[in-house]
Amino acid sequence: MPAAVPNGDANAGLAFYNIVDGKPRGSDVNEQVVDPRTEEDLWDVPVASAQDLDDAVDAANRAFKTWRLTTPADRHKVLQDIADCLRANKDVLARVHARETGKSSVMASADVEVAALHFEYYKGVILEDDVQYEDDTVKIVGTYVPIGVLAAISPWNFPLILSSVKVVSALATGNCVIIKPSPFTPYSILKFCELAQSVLPPGVFQALSGGADLGERMTLHRGIHHISFTGTVAVGQRILRNCAATMKKVVLELAGNDAAIVCEDADLDRVVPSVAFGCFFHGGQVCVASKRVYVHESLYDRFMALFVEEAKKYSPANILFSPLSNRTNFERAKSFLEDSRKNNHEVIVAGGDEAQNAHGEKGFWLPPTIVAKPPEDSLIVQEEQFAPITPVMTWSSEDDVIARANLDNAGLGASVYTPDLARARRIAQRLESGSVWINRFERPHYGAYFAGWKLSGFGGELGKHGLYNYCNVQCLHFHK
């Protein structure tokens, strides 16, 4: 098995492989990804073939026969071993992760640590059998058994963090997992899987790199029993259609056109920095970033003055700000601004020059940009930008702002700012969203179930509740 690469080793000359049945595997076809900060070509990455997928599926199904029989205690030891492996290799993983995502080294290192924390959290989570019914004649016990082979299809914005959620959920519940990283960010996931082979049986955790065609084959493969996907609504809907043919279990985290609601009693000196962080952290490329801001009309002018100044802090010099992670998203983001300008919206570029960046002509940088009071039916409001571009609107009626917040693609998260916690709860419980944050920007917590409603998802992950979506339920009827 490939040995761990200890911290402090030189990272030059890195090589990346698909991992099949515990072994590294190259390919006749290789691609390269560019660094979003510099647009420089990065390392070769192998493109998995249909045969590679078949071999990985066969290996996973063989491994499942014994892995499913391991005890929770045995699996929890492995989870700690994986967390230790991540930390032992933090330097190399963070360096690779920073280059592929455009994140600062500080952010990339934090992502490795969060991934390790996910594995440690699930050491303490067990799905206990539960008595569902009992009388004088029968006792019925519900048990939670693994499904089989999971295909995890990972996004490009937080590759390590979001992939770790899928991998640990599968392993903790006795499943085997084949992960397909985004073709925009393949490196850290392939390297993570390679390193993890030192603490796992062959076939339990595998990785294949490829594009949409590989993902399509995964969703149609009869040897795969479960799909977990994070990405767009359109792709999620296609996955559901494909999985219907073999009745696969499916978990989808999709669009998050999240609304932030600022009430008239909010303390703007505290609220504005939080809202700005929710909008501009990592260049707005967060599933639960604040994509729409609704400010009570009595506070709007002061809010905007403070918000523009706060937005200026998010520049390439800020370790919490990033370029757009790939050219596709970069061009998509610019199209939102073109649409707003074409429709005569007030566009406020809060920092730098939209045509330039700290690297001159290179890098997918967009400065924090605010669109003031666009119409509710405008593209910038109706669709998730996934960029450092934020529309800010006013409201006066609580019923009205709740109705405007509840778009079909806004079911992932929302935030409410008011010191009146009873009012905050009342508003939150009328928002059609799986998670609502009170007086804070939106961020998932590994101990809380995270699920999108409506077009924003299907099923969910994280917390103890998330593990139930990685199991089948078997009821045992004991007759007395």
# chains A, B, ... in the order shown; residues from 1 in each chain; ligands from 1
>>> residues_around(residues="Ala234 in chain A", least_positions_apart="4", cutoff="9 Å", atoms="only C-alpha atoms", output="list in words")
Arg238, Ile239 and Leu254 of chain A
>>> write_last_selection(atoms="C-alpha atoms", output="compact mmCIF listing (two decimals), in the first residue's frame")
# COMPACT_ATOMS: atom_id res chain seq x y z
CA ARG A 238 -30.89 13.72 -13.99
CA ILE A 239 -29.34 11.56 -11.27
CA LEU A 254 -28.45 21.06 -4.59
>>> residues_around(residues="Pro72 in chain A", least_positions_apart="3", cutoff="10 Å", atoms="only C-alpha atoms", output="list of chain:residue names")
A:Arg68, A:Leu69, A:Arg75, A:His76, A:Lys77, A:Val78, A:Lys123, A:Gly124, A:Val125, A:Ile126, A:Leu127, A:Leu171, A:Ala172, A:Thr173, A:Gly174
>>> residues_around(residues="range 186-189 of chain A", least_positions_apart="5", cutoff="8 Å", atoms="only C-alpha atoms", output="compact mmCIF listing (two decimals) with all heavy atoms, in the first residue's frame")
# COMPACT_ATOMS: atom_id res chain seq x y z
N PHE A 16 -0.43 11.59 -9.24
CA PHE A 16 -1.80 11.32 -8.83
C PHE A 16 -2.34 10.13 -9.61
O PHE A 16 -2.07 9.98 -10.81
CB PHE A 16 -2.67 12.56 -9.05
CG PHE A 16 -2.23 13.73 -8.23
CD1 PHE A 16 -1.24 14.59 -8.69
CD2 PHE A 16 -2.74 13.94 -6.97
CE1 PHE A 16 -0.79 15.64 -7.92
CE2 PHE A 16 -2.30 14.99 -6.18
CZ PHE A 16 -1.33 15.84 -6.66
N VAL A 45 -3.58 14.32 -14.29
CA VAL A 45 -4.51 13.50 -13.51
C VAL A 45 -5.10 12.46 -14.45
O VAL A 45 -5.50 12.77 -15.57
CB VAL A 45 -5.61 14.37 -12.86
CG1 VAL A 45 -6.44 15.09 -13.89
CG2 VAL A 45 -6.49 13.53 -11.96
N LEU A 93 -1.50 17.69 1.62
CA LEU A 93 -2.90 17.81 1.20
C LEU A 93 -3.32 19.27 1.09
O LEU A 93 -4.02 19.66 0.14
CB LEU A 93 -3.80 17.07 2.19
CG LEU A 93 -3.73 15.54 2.14
CD1 LEU A 93 -4.48 14.93 3.32
CD2 LEU A 93 -4.29 15.00 0.82
N ALA A 94 -2.89 20.09 2.04
CA ALA A 94 -3.26 21.51 2.00
C ALA A 94 -2.62 22.20 0.80
O ALA A 94 -3.25 23.05 0.17
CB ALA A 94 -2.86 22.20 3.30
N VAL A 96 -1.75 20.89 -2.12
CA VAL A 96 -2.48 20.46 -3.33
C VAL A 96 -3.85 21.11 -3.37
O VAL A 96 -4.30 21.60 -4.42
CB VAL A 96 -2.59 18.92 -3.33
CG1 VAL A 96 -3.57 18.45 -4.38
CG2 VAL A 96 -1.22 18.29 -3.55
N HIS A 97 -4.53 21.12 -2.23
CA HIS A 97 -5.88 21.66 -2.14
C HIS A 97 -5.90 23.16 -2.47
O HIS A 97 -6.81 23.64 -3.16
CB HIS A 97 -6.41 21.42 -0.73
CG HIS A 97 -7.87 21.61 -0.55
ND1 HIS A 97 -8.81 21.03 -1.36
CD2 HIS A 97 -8.58 22.34 0.37
CE1 HIS A 97 -10.02 21.38 -0.96
NE2 HIS A 97 -9.90 22.18 0.08
N GLU A 100 -5.50 23.67 -6.35
CA GLU A 100 -6.63 23.30 -7.22
C GLU A 100 -7.86 24.18 -6.99
O GLU A 100 -8.66 24.37 -7.90
CB GLU A 100 -6.99 21.83 -7.02
CG GLU A 100 -7.56 21.48 -5.66
CD GLU A 100 -7.82 20.00 -5.46
OE1 GLU A 100 -7.77 19.25 -6.46
OE2 GLU A 100 -8.07 19.59 -4.31
N PRO A 159 -13.85 20.57 -1.77
CA PRO A 159 -13.70 19.15 -2.11
C PRO A 159 -13.41 18.25 -0.92
O PRO A 159 -14.06 17.22 -0.75
CB PRO A 159 -12.51 19.14 -3.10
CG PRO A 159 -12.42 20.53 -3.62
CD PRO A 159 -12.93 21.43 -2.53
N LEU A 160 -12.46 18.63 -0.08
CA LEU A 160 -12.10 17.76 1.03
C LEU A 160 -13.20 17.69 2.07
O LEU A 160 -13.55 16.61 2.56
CB LEU A 160 -10.80 18.23 1.67
CG LEU A 160 -9.51 17.67 1.09
CD1 LEU A 160 -8.30 18.35 1.71
CD2 LEU A 160 -9.42 16.16 1.29
N SER A 163 -16.42 15.95 0.54
CA SER A 163 -16.15 14.54 0.27
C SER A 163 -16.02 13.75 1.56
O SER A 163 -16.48 12.60 1.66
CB SER A 163 -14.87 14.40 -0.55
OG SER A 163 -15.02 14.96 -1.83
N PRO A 181 -14.18 12.77 -7.61
CA PRO A 181 -14.05 14.21 -7.37
C PRO A 181 -14.46 15.00 -8.60
O PRO A 181 -14.52 14.47 -9.72
CB PRO A 181 -12.55 14.37 -7.09
CG PRO A 181 -11.89 13.22 -7.78
CD PRO A 181 -12.88 12.09 -7.72
N ALA A 207 -11.17 5.66 -5.39
CA ALA A 207 -11.36 6.97 -6.02
C ALA A 207 -11.12 6.85 -7.52
O ALA A 207 -10.14 6.23 -7.96
CB ALA A 207 -10.43 8.00 -5.41
N SER A 209 -11.17 9.40 -11.06
CA SER A 209 -11.26 10.76 -11.58
C SER A 209 -11.86 10.73 -12.98
O SER A 209 -11.54 9.86 -13.80
CB SER A 209 -9.86 11.40 -11.64
OG SER A 209 -9.92 12.71 -12.15
>>> residues_around(residues="range 250-252 of chain A", least_positions_apart="4", cutoff="8 Å", atoms="only C-alpha atoms", output="ChimeraX atom specification")
/A:226-231,236,240,243,457-461,469
>>> residues_around(residues="Ala317 in chain A", least_positions_apart="4", cutoff="10 Å", atoms="only C-alpha atoms", output="list in words")
Ser104, Lys313, Phe321, Ser322 and Ala358 of chain A
>>> write_last_selection(atoms="N, CA, C and O atoms", output="CSV table (one decimal), in the first residue's frame")
chain,number,residue,atom,x,y,z
A,104,SER,N,-6.4,30.2,0.0
A,104,SER,CA,-5.2,30.5,0.7
A,104,SER,C,-4.7,29.3,1.4
A,104,SER,O,-5.5,28.3,1.6
A,313,LYS,N,-13.1,44.9,2.3
A,313,LYS,CA,-12.1,44.1,3.0
A,313,LYS,C,-11.8,42.8,2.3
A,313,LYS,O,-10.8,42.1,2.6
A,321,PHE,N,-10.7,35.3,1.2
A,321,PHE,CA,-11.3,35.6,-0.1
A,321,PHE,C,-10.5,34.8,-1.1
A,321,PHE,O,-9.3,34.6,-1.0
A,322,SER,N,-11.2,34.3,-2.2
A,322,SER,CA,-10.6,33.5,-3.2
A,322,SER,C,-11.1,33.9,-4.6
A,322,SER,O,-12.1,34.6,-4.7
A,358,ALA,N,-5.2,41.5,-8.5
A,358,ALA,CA,-3.9,41.6,-7.9
A,358,ALA,C,-2.8,40.9,-8.8
A,358,ALA,O,-1.6,41.1,-8.6
>>> residues_around(residues="Pro444 in chain A", least_positions_apart="5", cutoff="12 Å", atoms="only C-alpha atoms", output="list in words")
Val114, His118, Ile161, Leu162, Val165, Val286, Cys287, Val288, Ala289, Leu412, Gly413, Ala414, Gly434, Ser435, Val436, Trp437, Tyr449, Phe450, Ala451, Gly452, Gly460, Glu461, Leu462 and Gly463 of chain A
>>> closest_residue(among="A:Arg241, A:Lys464, A:Lys312, A:Arg222", to="Ala276 in chain A", atoms="only C-alpha atoms")
A:Lys312
>>> select_by_dssp(residues="range 343-446 of chain A", states="strand (DSSP E or B)", output="list in words")
Glu346, Val347, Ile348, Val349, Asn357, Gly360, Thr369, Ile370, Val371, Ala372, Ile389, Thr390, Pro391, Val392, Met393, Thr394, Trp395, Gly413, Ala414, Ser415, Val416, Tyr417, Ser435, Val436, Trp437 and Ile438 of chain A
>>> write_last_selection(atoms="N, CA and C atoms", output="PDB file, in the first residue's frame")
ATOM      1  N   GLU A 346     -28.463  49.138 -10.288  1.00  0.00           N
ATOM      2  CA  GLU A 346     -27.333  49.856  -9.699  1.00  0.00           C
ATOM      3  C   GLU A 346     -26.301  48.829  -9.221  1.00  0.00           C
ATOM      4  N   VAL A 347     -25.152  48.804  -9.873  1.00  0.00           N
ATOM      5  CA  VAL A 347     -24.093  47.846  -9.569  1.00  0.00           C
ATOM      6  C   VAL A 347     -22.953  48.587  -8.874  1.00  0.00           C
ATOM      7  N   ILE A 348     -22.620  48.158  -7.665  1.00  0.00           N
ATOM      8  CA  ILE A 348     -21.583  48.809  -6.864  1.00  0.00           C
ATOM      9  C   ILE A 348     -20.414  47.843  -6.724  1.00  0.00           C
ATOM     10  N   VAL A 349     -19.301  48.162  -7.366  1.00  0.00           N
ATOM     11  CA  VAL A 349     -18.087  47.358  -7.220  1.00  0.00           C
ATOM     12  C   VAL A 349     -17.377  47.843  -5.965  1.00  0.00           C
ATOM     13  N   ASN A 357      -6.991  42.594 -11.444  1.00  0.00           N
ATOM     14  CA  ASN A 357      -6.884  41.951 -10.149  1.00  0.00           C
ATOM     15  C   ASN A 357      -5.438  42.020  -9.701  1.00  0.00           C
ATOM     16  N   GLY A 360      -2.633  40.998 -12.127  1.00  0.00           N
ATOM     17  CA  GLY A 360      -2.606  41.547 -13.478  1.00  0.00           C
ATOM     18  C   GLY A 360      -3.626  40.870 -14.362  1.00  0.00           C
ATOM     19  N   THR A 369     -19.091  42.600  -5.218  1.00  0.00           N
ATOM     20  CA  THR A 369     -19.974  43.472  -5.998  1.00  0.00           C
ATOM     21  C   THR A 369     -21.382  43.386  -5.425  1.00  0.00           C
ATOM     22  N   ILE A 370     -22.012  44.547  -5.270  1.00  0.00           N
ATOM     23  CA  ILE A 370     -23.342  44.636  -4.673  1.00  0.00           C
ATOM     24  C   ILE A 370     -24.294  45.213  -5.705  1.00  0.00           C
ATOM     25  N   VAL A 371     -25.441  44.587  -5.858  1.00  0.00           N
ATOM     26  CA  VAL A 371     -26.483  45.092  -6.753  1.00  0.00           C
ATOM     27  C   VAL A 371     -27.612  45.628  -5.870  1.00  0.00           C
ATOM     28  N   ALA A 372     -27.834  46.929  -5.962  1.00  0.00           N
ATOM     29  CA  ALA A 372     -28.758  47.603  -5.061  1.00  0.00           C
ATOM     30  C   ALA A 372     -30.190  47.574  -5.596  1.00  0.00           C
ATOM     31  N   ILE A 389     -21.052  38.278  -5.574  1.00  0.00           N
ATOM     32  CA  ILE A 389     -22.027  39.223  -6.122  1.00  0.00           C
ATOM     33  C   ILE A 389     -23.298  39.080  -5.295  1.00  0.00           C
ATOM     34  N   THR A 390     -23.762  40.167  -4.693  1.00  0.00           N
ATOM     35  CA  THR A 390     -24.897  40.070  -3.775  1.00  0.00           C
ATOM     36  C   THR A 390     -25.953  41.124  -4.069  1.00  0.00           C
ATOM     37  N   PRO A 391     -27.200  40.716  -4.309  1.00  0.00           N
ATOM     38  CA  PRO A 391     -28.290  41.686  -4.395  1.00  0.00           C
ATOM     39  C   PRO A 391     -28.793  42.042  -3.000  1.00  0.00           C
ATOM     40  N   VAL A 392     -29.059  43.331  -2.771  1.00  0.00           N
ATOM     41  CA  VAL A 392     -29.597  43.792  -1.485  1.00  0.00           C
ATOM     42  C   VAL A 392     -30.925  44.487  -1.747  1.00  0.00           C
ATOM     43  N   MET A 393     -31.991  44.002  -1.116  1.00  0.00           N
ATOM     44  CA  MET A 393     -33.338  44.533  -1.303  1.00  0.00           C
ATOM     45  C   MET A 393     -33.902  45.021   0.037  1.00  0.00           C
ATOM     46  N   THR A 394     -34.984  45.767  -0.027  1.00  0.00           N
ATOM     47  CA  THR A 394     -35.635  46.247   1.192  1.00  0.00           C
ATOM     48  C   THR A 394     -36.943  45.503   1.425  1.00  0.00           C
ATOM     49  N   TRP A 395     -37.412  45.590   2.688  1.00  0.00           N
ATOM     50  CA  TRP A 395     -38.713  45.024   3.023  1.00  0.00           C
ATOM     51  C   TRP A 395     -39.324  45.838   4.162  1.00  0.00           C
ATOM     52  N   GLY A 413     -30.701  26.806   3.039  1.00  0.00           N
ATOM     53  CA  GLY A 413     -30.412  27.536   4.262  1.00  0.00           C
ATOM     54  C   GLY A 413     -30.929  28.956   4.204  1.00  0.00           C
ATOM     55  N   ALA A 414     -30.917  29.622   5.347  1.00  0.00           N
ATOM     56  CA  ALA A 414     -31.321  31.027   5.442  1.00  0.00           C
ATOM     57  C   ALA A 414     -30.773  31.557   6.756  1.00  0.00           C
ATOM     58  N   SER A 415     -30.773  32.886   6.903  1.00  0.00           N
ATOM     59  CA  SER A 415     -30.343  33.489   8.163  1.00  0.00           C
ATOM     60  C   SER A 415     -31.293  34.632   8.521  1.00  0.00           C
ATOM     61  N   VAL A 416     -31.451  34.837   9.836  1.00  0.00           N
ATOM     62  CA  VAL A 416     -32.331  35.881  10.346  1.00  0.00           C
ATOM     63  C   VAL A 416     -31.561  36.652  11.411  1.00  0.00           C
ATOM     64  N   TYR A 417     -31.581  37.992  11.298  1.00  0.00           N
ATOM     65  CA  TYR A 417     -30.858  38.849  12.234  1.00  0.00           C
ATOM     66  C   TYR A 417     -31.837  39.722  13.009  1.00  0.00           C
ATOM     67  N   SER A 435     -32.232  24.451   7.018  1.00  0.00           N
ATOM     68  CA  SER A 435     -31.456  25.007   8.136  1.00  0.00           C
ATOM     69  C   SER A 435     -31.634  26.518   8.149  1.00  0.00           C
ATOM     70  N   VAL A 436     -31.767  27.081   9.350  1.00  0.00           N
ATOM     71  CA  VAL A 436     -31.846  28.536   9.506  1.00  0.00           C
ATOM     72  C   VAL A 436     -30.891  28.938  10.629  1.00  0.00           C
ATOM     73  N   TRP A 437     -30.053  29.912  10.343  1.00  0.00           N
ATOM     74  CA  TRP A 437     -29.103  30.415  11.327  1.00  0.00           C
ATOM     75  C   TRP A 437     -29.609  31.739  11.895  1.00  0.00           C
ATOM     76  N   ILE A 438     -29.560  31.864  13.205  1.00  0.00           N
ATOM     77  CA  ILE A 438     -30.052  33.048  13.895  1.00  0.00           C
ATOM     78  C   ILE A 438     -28.858  33.908  14.322  1.00  0.00           C
TER      79      ILE A 438
END
>>> closest_residue(among="A:His345, A:Lys362, A:Arg292, A:His225", to="Asn61 in chain A", atoms="only C-alpha atoms")
A:His225
>>> atom_distance(atom1="CA of Tyr144 in chain A", atom2="CA of Cys471 in chain A")
5.7 Å
>>> residues_around(residues="Pro202 in chain A", least_positions_apart="2", cutoff="10 Å", atoms="only C-alpha atoms", output="list of chain:residue names")
A:Met1, A:Ile19, A:Val20, A:Asp21, A:Gly22, A:Lys23, A:Ala59, A:Ala60, A:Arg62, A:Ala63, A:Gln197, A:Ser198, A:Val199, A:Leu200, A:Val204, A:Phe205, A:Gln206
>>> write_last_selection(atoms="all heavy atoms", output="short mmCIF file (atom, residue, chain, number, x, y, z; two decimals), in the first residue's frame")
data_model
loop_
_atom_site.label_atom_id
_atom_site.label_comp_id
_atom_site.auth_asym_id
_atom_site.auth_seq_id
_atom_site.Cartn_x
_atom_site.Cartn_y
_atom_site.Cartn_z
N MET A 1 0.85 -1.20 0.00
CA MET A 1 0.00 0.00 0.00
C MET A 1 0.88 1.24 0.00
O MET A 1 1.95 1.24 0.62
CB MET A 1 -0.90 0.02 1.23
CG MET A 1 -1.93 -1.09 1.26
SD MET A 1 -2.98 -0.99 2.73
CE MET A 1 -3.91 -2.50 2.53
N ILE A 19 -7.53 5.12 -7.55
CA ILE A 19 -7.28 4.07 -6.56
C ILE A 19 -8.34 2.99 -6.74
O ILE A 19 -9.53 3.25 -6.53
CB ILE A 19 -7.30 4.62 -5.13
CG1 ILE A 19 -6.30 5.77 -4.98
CG2 ILE A 19 -7.00 3.50 -4.13
CD1 ILE A 19 -4.86 5.40 -5.25
N VAL A 20 -7.90 1.80 -7.14
CA VAL A 20 -8.80 0.68 -7.41
C VAL A 20 -8.31 -0.54 -6.64
O VAL A 20 -7.16 -0.96 -6.80
CB VAL A 20 -8.87 0.37 -8.92
CG1 VAL A 20 -9.80 -0.83 -9.18
CG2 VAL A 20 -9.35 1.59 -9.71
N ASP A 21 -9.16 -1.08 -5.80
CA ASP A 21 -8.85 -2.28 -5.01
C ASP A 21 -7.56 -2.10 -4.21
O ASP A 21 -6.73 -3.00 -4.13
CB ASP A 21 -8.74 -3.50 -5.94
CG ASP A 21 -8.92 -4.82 -5.19
OD1 ASP A 21 -9.38 -4.78 -4.02
OD2 ASP A 21 -8.61 -5.88 -5.77
N GLY A 22 -7.39 -0.92 -3.65
CA GLY A 22 -6.26 -0.65 -2.78
C GLY A 22 -4.97 -0.29 -3.48
O GLY A 22 -3.95 -0.05 -2.83
N LYS A 23 -4.98 -0.22 -4.82
CA LYS A 23 -3.76 0.02 -5.57
C LYS A 23 -3.90 1.25 -6.47
O LYS A 23 -4.98 1.51 -7.01
CB LYS A 23 -3.42 -1.20 -6.43
CG LYS A 23 -3.22 -2.49 -5.64
CD LYS A 23 -2.92 -3.65 -6.57
CE LYS A 23 -2.73 -4.94 -5.79
NZ LYS A 23 -3.98 -5.36 -5.10
N ALA A 59 -14.49 -4.69 -6.93
CA ALA A 59 -13.69 -4.70 -5.71
C ALA A 59 -14.51 -4.26 -4.51
O ALA A 59 -14.39 -4.83 -3.41
CB ALA A 59 -12.46 -3.80 -5.88
N ALA A 60 -15.34 -3.24 -4.69
CA ALA A 60 -16.16 -2.75 -3.59
C ALA A 60 -17.17 -3.79 -3.13
O ALA A 60 -17.40 -3.97 -1.92
CB ALA A 60 -16.87 -1.47 -4.01
N ARG A 62 -16.89 -7.02 -3.41
CA ARG A 62 -16.16 -8.08 -2.69
C ARG A 62 -15.83 -7.63 -1.28
O ARG A 62 -16.01 -8.37 -0.31
CB ARG A 62 -14.87 -8.45 -3.44
CG ARG A 62 -15.08 -9.19 -4.74
CD ARG A 62 -13.77 -9.84 -5.20
NE ARG A 62 -12.67 -8.88 -5.30
CZ ARG A 62 -12.40 -8.15 -6.38
NH1 ARG A 62 -13.18 -8.27 -7.46
NH2 ARG A 62 -11.39 -7.31 -6.40
N ALA A 63 -15.33 -6.40 -1.16
CA ALA A 63 -14.95 -5.90 0.16
C ALA A 63 -16.16 -5.76 1.08
O ALA A 63 -16.05 -5.95 2.30
CB ALA A 63 -14.25 -4.55 0.01
N GLN A 197 -5.35 4.31 2.06
CA GLN A 197 -5.22 2.86 1.85
C GLN A 197 -4.32 2.21 2.91
O GLN A 197 -4.41 1.00 3.13
CB GLN A 197 -4.66 2.58 0.44
CG GLN A 197 -5.53 3.11 -0.69
CD GLN A 197 -6.99 2.75 -0.57
OE1 GLN A 197 -7.35 1.57 -0.52
NE2 GLN A 197 -7.84 3.77 -0.50
N SER A 198 -3.47 3.00 3.55
CA SER A 198 -2.58 2.45 4.57
C SER A 198 -3.33 1.99 5.81
O SER A 198 -2.77 1.26 6.63
CB SER A 198 -1.51 3.48 4.95
OG SER A 198 -2.11 4.63 5.53
N VAL A 199 -4.60 2.41 5.97
CA VAL A 199 -5.36 2.05 7.18
C VAL A 199 -6.68 1.36 6.86
O VAL A 199 -7.48 1.11 7.76
CB VAL A 199 -5.62 3.30 8.06
CG1 VAL A 199 -4.30 3.91 8.51
CG2 VAL A 199 -6.47 4.33 7.33
N LEU A 200 -6.90 1.02 5.58
CA LEU A 200 -8.18 0.42 5.18
C LEU A 200 -7.95 -0.87 4.39
O LEU A 200 -6.96 -0.98 3.66
CB LEU A 200 -8.96 1.40 4.30
CG LEU A 200 -9.72 2.52 4.99
CD1 LEU A 200 -10.13 3.58 3.98
CD2 LEU A 200 -10.95 1.96 5.70
N VAL A 204 -12.53 -0.93 0.10
CA VAL A 204 -13.50 -0.26 0.97
C VAL A 204 -13.66 1.20 0.59
O VAL A 204 -14.77 1.75 0.60
CB VAL A 204 -13.08 -0.41 2.44
CG1 VAL A 204 -13.96 0.45 3.36
CG2 VAL A 204 -13.17 -1.86 2.86
N PHE A 205 -12.57 1.87 0.26
CA PHE A 205 -12.59 3.28 -0.15
C PHE A 205 -11.73 3.41 -1.40
O PHE A 205 -10.53 3.17 -1.36
CB PHE A 205 -12.05 4.14 1.00
CG PHE A 205 -11.88 5.61 0.69
CD1 PHE A 205 -12.63 6.26 -0.29
CD2 PHE A 205 -10.96 6.36 1.41
CE1 PHE A 205 -12.46 7.61 -0.55
CE2 PHE A 205 -10.76 7.72 1.16
CZ PHE A 205 -11.52 8.33 0.17
N GLN A 206 -12.37 3.77 -2.53
CA GLN A 206 -11.68 3.90 -3.80
C GLN A 206 -11.98 5.26 -4.41
O GLN A 206 -12.94 5.93 -4.02
CB GLN A 206 -12.12 2.78 -4.76
CG GLN A 206 -11.89 1.37 -4.20
CD GLN A 206 -12.47 0.30 -5.10
OE1 GLN A 206 -11.82 -0.20 -6.00
NE2 GLN A 206 -13.73 -0.04 -4.86
#
>>> select_by_dssp(residues="range 244-287 of chain A", states="alpha helix (DSSP H)", output="number ranges by chain")
A: 244, 268-280
>>> write_last_selection(atoms="N, CA, C and O atoms", output="PDB file, in the first residue's frame")
ATOM      1  N   ALA A 244     -33.605   5.777 -10.795  1.00  0.00           N
ATOM      2  CA  ALA A 244     -34.903   5.107 -10.735  1.00  0.00           C
ATOM      3  C   ALA A 244     -34.854   3.748 -11.417  1.00  0.00           C
ATOM      4  O   ALA A 244     -35.568   2.822 -11.021  1.00  0.00           O
ATOM      5  N   LEU A 268     -26.511  46.933  13.567  1.00  0.00           N
ATOM      6  CA  LEU A 268     -25.770  46.848  12.315  1.00  0.00           C
ATOM      7  C   LEU A 268     -24.269  46.751  12.514  1.00  0.00           C
ATOM      8  O   LEU A 268     -23.570  46.163  11.675  1.00  0.00           O
ATOM      9  N   ASP A 269     -23.764  47.316  13.581  1.00  0.00           N
ATOM     10  CA  ASP A 269     -22.324  47.214  13.815  1.00  0.00           C
ATOM     11  C   ASP A 269     -21.899  45.759  13.992  1.00  0.00           C
ATOM     12  O   ASP A 269     -20.767  45.384  13.663  1.00  0.00           O
ATOM     13  N   ARG A 270     -22.795  44.942  14.506  1.00  0.00           N
ATOM     14  CA  ARG A 270     -22.503  43.514  14.658  1.00  0.00           C
ATOM     15  C   ARG A 270     -22.987  42.706  13.453  1.00  0.00           C
ATOM     16  O   ARG A 270     -22.344  41.738  13.051  1.00  0.00           O
ATOM     17  N   VAL A 271     -24.087  43.100  12.876  1.00  0.00           N
ATOM     18  CA  VAL A 271     -24.724  42.308  11.824  1.00  0.00           C
ATOM     19  C   VAL A 271     -23.996  42.426  10.489  1.00  0.00           C
ATOM     20  O   VAL A 271     -23.794  41.432   9.777  1.00  0.00           O
ATOM     21  N   VAL A 272     -23.587  43.633  10.119  1.00  0.00           N
ATOM     22  CA  VAL A 272     -23.012  43.838   8.786  1.00  0.00           C
ATOM     23  C   VAL A 272     -21.767  42.980   8.557  1.00  0.00           C
ATOM     24  O   VAL A 272     -21.641  42.337   7.500  1.00  0.00           O
ATOM     25  N   PRO A 273     -20.808  42.906   9.497  1.00  0.00           N
ATOM     26  CA  PRO A 273     -19.664  42.016   9.259  1.00  0.00           C
ATOM     27  C   PRO A 273     -20.066  40.557   9.062  1.00  0.00           C
ATOM     28  O   PRO A 273     -19.469  39.842   8.249  1.00  0.00           O
ATOM     29  N   SER A 274     -21.086  40.107   9.793  1.00  0.00           N
ATOM     30  CA  SER A 274     -21.541  38.729   9.650  1.00  0.00           C
ATOM     31  C   SER A 274     -22.184  38.502   8.287  1.00  0.00           C
ATOM     32  O   SER A 274     -21.924  37.496   7.616  1.00  0.00           O
ATOM     33  N   VAL A 275     -23.021  39.430   7.846  1.00  0.00           N
ATOM     34  CA  VAL A 275     -23.654  39.301   6.537  1.00  0.00           C
ATOM     35  C   VAL A 275     -22.599  39.327   5.438  1.00  0.00           C
ATOM     36  O   VAL A 275     -22.645  38.525   4.485  1.00  0.00           O
ATOM     37  N   ALA A 276     -21.638  40.226   5.549  1.00  0.00           N
ATOM     38  CA  ALA A 276     -20.587  40.311   4.534  1.00  0.00           C
ATOM     39  C   ALA A 276     -19.787  39.015   4.458  1.00  0.00           C
ATOM     40  O   ALA A 276     -19.466  38.531   3.367  1.00  0.00           O
ATOM     41  N   PHE A 277     -19.463  38.442   5.609  1.00  0.00           N
ATOM     42  CA  PHE A 277     -18.757  37.164   5.617  1.00  0.00           C
ATOM     43  C   PHE A 277     -19.606  36.094   4.933  1.00  0.00           C
ATOM     44  O   PHE A 277     -19.096  35.295   4.131  1.00  0.00           O
ATOM     45  N   GLY A 278     -20.904  36.079   5.241  1.00  0.00           N
ATOM     46  CA  GLY A 278     -21.791  35.111   4.614  1.00  0.00           C
ATOM     47  C   GLY A 278     -21.873  35.257   3.110  1.00  0.00           C
ATOM     48  O   GLY A 278     -22.080  34.279   2.393  1.00  0.00           O
ATOM     49  N   CYS A 279     -21.676  36.484   2.622  1.00  0.00           N
ATOM     50  CA  CYS A 279     -21.768  36.739   1.179  1.00  0.00           C
ATOM     51  C   CYS A 279     -20.448  36.500   0.448  1.00  0.00           C
ATOM     52  O   CYS A 279     -20.447  35.991  -0.679  1.00  0.00           O
ATOM     53  N   PHE A 280     -19.315  36.886   1.053  1.00  0.00           N
ATOM     54  CA  PHE A 280     -18.065  37.005   0.298  1.00  0.00           C
ATOM     55  C   PHE A 280     -16.976  36.024   0.687  1.00  0.00           C
ATOM     56  O   PHE A 280     -15.962  35.934  -0.015  1.00  0.00           O
TER      57      PHE A 280
END
>>> closest_residue(among="A:Ser105, A:Leu190, A:Arg332, A:Thr71", to="Asp44 in chain A", atoms="only C-alpha atoms")
A:Leu190
